[in-house]
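*Asks:* Take this structure, written in structure tokens, and hold onto it; I'll ask about it next.
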Amino acid sequence: MRRGARTFADALVLAALASYAIPFFWQLLTSFKPEAELLRVPPLLPSQLTLAHYRAVVEKSLMPQALANSFGIAALTTLLALAVGVPGAYAVARLPLPGKRFVLLAIVASTAFPQIATVSPLYLLMRALDLRDTWSGLVLVHTSFALPLTVWLLSGFIREIPIEAEEAASVDGAGLFGLFRWVVIPLLGPGLAATALLTFLFSWNEFLFAYTFTVSEASRTIPVALALFPGVFEVPWGDIAAASMLASLPPVLIVVGLQRFLVRGLVAGAVKE
Amino acid sequence: MTRREAVNRRRGMLLMAPTVLALGTLTVYPGIWVLWLSLQHRIPIFGVSRFAGFDNYAFLAFDSRFASALATTLIFTVTSVALEVVLGVAAALAIHTLRGGRRVALSLLLLAWAMPAVVTAKLFDWLYHPTAGLLNVALGGHALNWLGDPRLALPAIVLADVWRTMPFVAVLCYARLLAIPPDVYEAAQVDGAGRVATLVRITLPMLGRILLLAILFRTLDALRAFDLMFVLTGGGPAGTTETLTVYAYRALFQTLQLGFGSALGVVVFALVMTVAWAYLKLLRTSTVTA
């Protein structure tokens, strides 16, 4: 009896959480609904499912290009942020630095930096350097914006590495590069993955800079393409639903498949500050 | 010893150099430049560009649109953070009671948090559709115009924001709950503490610190809110959902007042930093007394 009651309670909690995700599932269902049935609710369920909206998005919209842009920009941002952030984080965690307190304060403060405060000078800078509408421009601003959190997270994870491993490496005569190649990076594993995921998601989801610094489809990312999704006479709700699902595909895969790392990164980011 | 120290110091600076360079050129330098821009009248399409001193800031004192955007920002921040905290704690406690399926539970919750805010905007745009929206259908076929009615638009945006960010609070609290040693609860049970007493006396106080941090992060985020309003309502109807960031953005890139828009950006920056500073001060004194 008691056992039954607990199973019932479990089912209740899971049902409540499933209903919390209704906005997502409703959009998912909408993306497969025939056009003619979209604005006729109830009934909630469609008479049949169709791929027409996905076909329209893939064949007739600029979404495929935007997906490619987002993938490229988010992946390069992640790589660059880690390439810059891992050494920086190591210095913060392990080495003496002149003005270390100030550097740390600046890093924490810049995680709170509002984008709107620098968007105007960055716009002028992008224009002056001819970086508007390019992948490089967005990768640079995304990297610099993600960097404080990257360094912060990584320095916390580096502190968890047993220092003996590093000392052994330096006794063995490993240089700076060898230290990273053979000790820090391999031992950082899960922390590195967690940081990479959060950086990737930040770049994939970022809207304000991506919207401001792009003019054409050359570097337009998924959130921007979705915000600007064209409708000629009426809003193409089915196509928008399909495009939304494509835009949330990587985040959904990360949440479902790599949840452990994601949660680890999320919690570390908050607890260590 | 000293040689080793000198080597480490040099290594430290070398390793830190790329980070300092990146932040210096793309965050600090623009951060100083924006202060300079905010002291100018700059409207590129009219070829206007001259020093204005504090005119842009002085104008804000009498700008009713600024007052309204400030009020909207504060109302949005307070209501959405409050709701996120209450719901987030509830969700964390609920997941903590689960014996199985916690991974599924977290997935269902984190979906909302992980996707782009623009997707959230599109999801809710569709849910709020006056005739075919699921929300109106669920409310029994009312034809409420959620995003078009000045009284409903801000609550509608708050709801979308709470949906999107409550999981963040919930996950942080849930992780904290996992770290509470089980013997604490066993001791409470031995002492004959009921469920409510255990929750109020043990669980919630244990969540205290992480909740304060979650509130800080969420408050700083909410004060700069932009994506949802910009995509869902563009600040309308009748300016009822125009936050400071949306106002600043429109001044910068729609009416092209580079100086004035920059001044608004600086105000957002000052607001965020003041809140962060006050909060950390409060946090420090409260942990000292606790």
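Chain labels A, B, ... are given in the sequence in which chains occur in the structure tokens; within each chain residues are numbered consecutively from 1, and ligands are likewise numbered from 1 in the order shown.
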Using only C-alpha atoms, which protein or nucleic acid residues come within 10 Å of region 228-230 of chain A? Drop anything in the same chain fewer than 3 positions from it, and give the result as a ChimeraX atom specification.
*Replies:* /A:61-63,211,222-225,233-236,239-240,243 /B:231
*Asks:* Could you please take those selected residues and save N, CA and C atoms as a PDB file, in the first residue's frame?
*Replies:*
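Printed below is part-v1.pdb as written:
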```pdb
ATOM      1  N   SER A  61      13.210  28.345 -47.199  1.00  0.00           N
ATOM      2  CA  SER A  61      13.605  29.440 -46.321  1.00  0.00           C
ATOM      3  C   SER A  61      15.120  29.495 -46.208  1.00  0.00           C
ATOM      4  N   LEU A  62      15.599  30.499 -45.463  1.00  0.00           N
ATOM      5  CA  LEU A  62      17.038  30.643 -45.286  1.00  0.00           C
ATOM      6  C   LEU A  62      17.532  29.876 -44.064  1.00  0.00           C
ATOM      7  N   MET A  63      16.645  29.057 -43.503  1.00  0.00           N
ATOM      8  CA  MET A  63      16.991  28.341 -42.288  1.00  0.00           C
ATOM      9  C   MET A  63      18.215  27.422 -42.408  1.00  0.00           C
ATOM     10  N   TYR A 211      21.922  39.753 -33.881  1.00  0.00           N
ATOM     11  CA  TYR A 211      20.923  40.538 -34.614  1.00  0.00           C
ATOM     12  C   TYR A 211      21.520  41.852 -35.099  1.00  0.00           C
ATOM     13  N   ILE A 222      20.674  31.244 -36.165  1.00  0.00           N
ATOM     14  CA  ILE A 222      19.332  30.687 -36.044  1.00  0.00           C
ATOM     15  C   ILE A 222      18.343  31.580 -35.276  1.00  0.00           C
ATOM     16  N   PRO A 223      18.726  32.119 -34.102  1.00  0.00           N
ATOM     17  CA  PRO A 223      17.751  32.966 -33.406  1.00  0.00           C
ATOM     18  C   PRO A 223      17.339  34.179 -34.243  1.00  0.00           C
ATOM     19  N   VAL A 224      18.299  34.748 -34.971  1.00  0.00           N
ATOM     20  CA  VAL A 224      17.994  35.929 -35.776  1.00  0.00           C
ATOM     21  C   VAL A 224      17.078  35.542 -36.938  1.00  0.00           C
ATOM     22  N   ALA A 225      17.407  34.459 -37.614  1.00  0.00           N
ATOM     23  CA  ALA A 225      16.583  34.013 -38.742  1.00  0.00           C
ATOM     24  C   ALA A 225      15.166  33.700 -38.269  1.00  0.00           C
ATOM     25  N   PHE A 233       1.432  37.190 -46.287  1.00  0.00           N
ATOM     26  CA  PHE A 233       0.122  37.762 -45.970  1.00  0.00           C
ATOM     27  C   PHE A 233      -0.342  37.371 -44.579  1.00  0.00           C
ATOM     28  N   GLU A 234      -0.009  36.138 -44.195  1.00  0.00           N
ATOM     29  CA  GLU A 234      -0.351  35.725 -42.851  1.00  0.00           C
ATOM     30  C   GLU A 234       0.843  35.017 -42.227  1.00  0.00           C
ATOM     31  N   VAL A 235       0.773  34.901 -40.905  1.00  0.00           N
ATOM     32  CA  VAL A 235       1.907  34.281 -40.208  1.00  0.00           C
ATOM     33  C   VAL A 235       1.927  32.779 -40.491  1.00  0.00           C
ATOM     34  N   PRO A 236       3.043  32.258 -41.010  1.00  0.00           N
ATOM     35  CA  PRO A 236       3.127  30.819 -41.307  1.00  0.00           C
ATOM     36  C   PRO A 236       3.435  30.014 -40.039  1.00  0.00           C
ATOM     37  N   ASP A 239       5.254  26.602 -40.342  1.00  0.00           N
ATOM     38  CA  ASP A 239       6.655  26.719 -40.739  1.00  0.00           C
ATOM     39  C   ASP A 239       7.496  27.248 -39.578  1.00  0.00           C
ATOM     40  N   ILE A 240       6.944  28.228 -38.851  1.00  0.00           N
ATOM     41  CA  ILE A 240       7.671  28.773 -37.701  1.00  0.00           C
ATOM     42  C   ILE A 240       7.893  27.684 -36.658  1.00  0.00           C
ATOM     43  N   ALA A 243      10.657  25.488 -37.865  1.00  0.00           N
ATOM     44  CA  ALA A 243      11.939  26.189 -37.721  1.00  0.00           C
ATOM     45  C   ALA A 243      12.363  26.244 -36.252  1.00  0.00           C
TER      46      ALA A 243
ATOM     47  N   VAL B 231      11.152  40.329 -29.414  1.00  0.00           N
ATOM     48  CA  VAL B 231      10.574  39.451 -30.433  1.00  0.00           C
ATOM     49  C   VAL B 231       9.051  39.345 -30.294  1.00  0.00           C
TER      50      VAL B 231
END
```
*Asks:* Using only C-alpha atoms, find the residues of chain A whose closest atom to chain B is at most 7 Å away, then write them as an MDAnalysis selection string.
*Replies:* chainID A and resid 10 13:14 17:18 21 23:24 27 39:41 84:85 87:88 91 95:97 112:114 116:118 120:122 141 144 205 207 223 227 244 248 251:252 255:256 267 270
*Asks:* Restricting the output to C-alpha atoms, write the selected residues as a compact mmCIF listing (two decimals), in the first residue's frame.
*Replies:*
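Ended up saving to selection-v9.txt:
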```
# COMPACT_ATOMS: atom_id res chain seq x y z
CA ASP A 10 6.27 9.71 -8.47
CA VAL A 13 5.46 14.64 -10.13
CA LEU A 14 6.52 13.37 -13.56
CA LEU A 17 6.80 18.18 -15.15
CA ALA A 18 5.60 16.79 -18.47
CA ALA A 21 6.98 21.15 -21.04
CA PRO A 23 4.65 24.74 -24.66
CA PHE A 24 7.47 22.77 -26.28
CA GLN A 27 4.98 23.48 -30.86
CA LEU A 39 -6.16 27.48 -36.72
CA ARG A 40 -8.96 25.03 -35.94
CA VAL A 41 -8.59 24.18 -32.26
CA VAL A 84 42.09 31.25 -24.51
CA GLY A 85 40.29 30.26 -21.33
CA PRO A 87 45.56 28.81 -19.96
CA GLY A 88 43.93 31.85 -18.33
CA ALA A 91 47.02 30.99 -14.29
CA LEU A 95 50.10 30.67 -10.53
CA PRO A 96 51.05 33.96 -8.88
CA LEU A 97 49.83 36.93 -10.86
CA ALA A 112 27.31 40.59 -15.08
CA PHE A 113 28.12 42.94 -17.96
CA PRO A 114 24.98 43.90 -19.90
CA ILE A 116 23.37 46.63 -24.32
CA ALA A 117 26.13 48.71 -22.70
CA THR A 118 28.75 47.73 -25.26
CA SER A 120 27.06 50.61 -29.72
CA PRO A 121 30.87 50.83 -29.54
CA LEU A 122 31.16 47.23 -30.73
CA VAL A 141 32.31 39.06 -29.67
CA SER A 144 34.90 37.72 -25.35
CA ASN A 205 21.19 31.09 -28.20
CA PHE A 207 20.42 37.12 -29.99
CA PRO A 223 17.75 32.97 -33.41
CA ALA A 227 12.98 36.29 -35.23
CA SER A 244 11.71 26.50 -33.92
CA SER A 248 16.13 23.84 -30.45
CA PRO A 251 19.96 22.29 -26.97
CA VAL A 252 17.46 19.42 -26.68
CA VAL A 255 19.78 18.32 -22.30
CA VAL A 256 18.82 14.72 -22.99
CA VAL A 267 25.92 24.26 -10.52
CA ALA A 270 26.77 29.41 -9.27
```
*Asks:* Point out the residue among A:Ala165, A:Ala193, A:Ala218, A:Val58 with the least atom-to-atom distance to Leu262 (chain A), counting only C-alpha atoms.
*Replies:*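 Counting only C-alpha atoms, the residue closest to Leu262 (chain A) is A:Ala193.
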*Asks:* When you draw a straight line from CA of Ala74 (chain A) to CA of His142 (chain A), how long is it in Å?
*Replies:*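 Result for CA of Ala74 (chain A) versus CA of His142 (chain A): 8.4 Å, one decimal.
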*Asks:* Check the smallest atom-to-atom distance from each of B:Gly88, B:Pro237, B:Pro167, B:Gly53 to Leu207 (chain B) using only C-alpha atoms, then report the winner.
*Replies:*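 Smallest distance to Leu207 (chain B) is found for B:Gly88.
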*Asks:* Any idea what the distance is between CA of Thr198 (chain B) and CA of Ala82 (chain B)?
*Replies:*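 Rounded to one decimal, the two atoms are 23.1 Å apart.
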*Asks:* From a DSSP calculation on the backbone, collect every residue of region 21-105 of chain A in alpha helix (DSSP H) and output the set as a PyMOL selection string.
*Replies:* chain A and resi 22-31+52-60+63-94+100-105
*Asks:* For Asp133 (chain A), work out the shell of residues within 12 Å, counting only C-alpha atoms and skipping chain neighbours fewer than 3 positions away, then give it as number ranges by chain.
*Replies:* A: 69, 73, 123, 126-127, 129-130, 136-139, 209-221
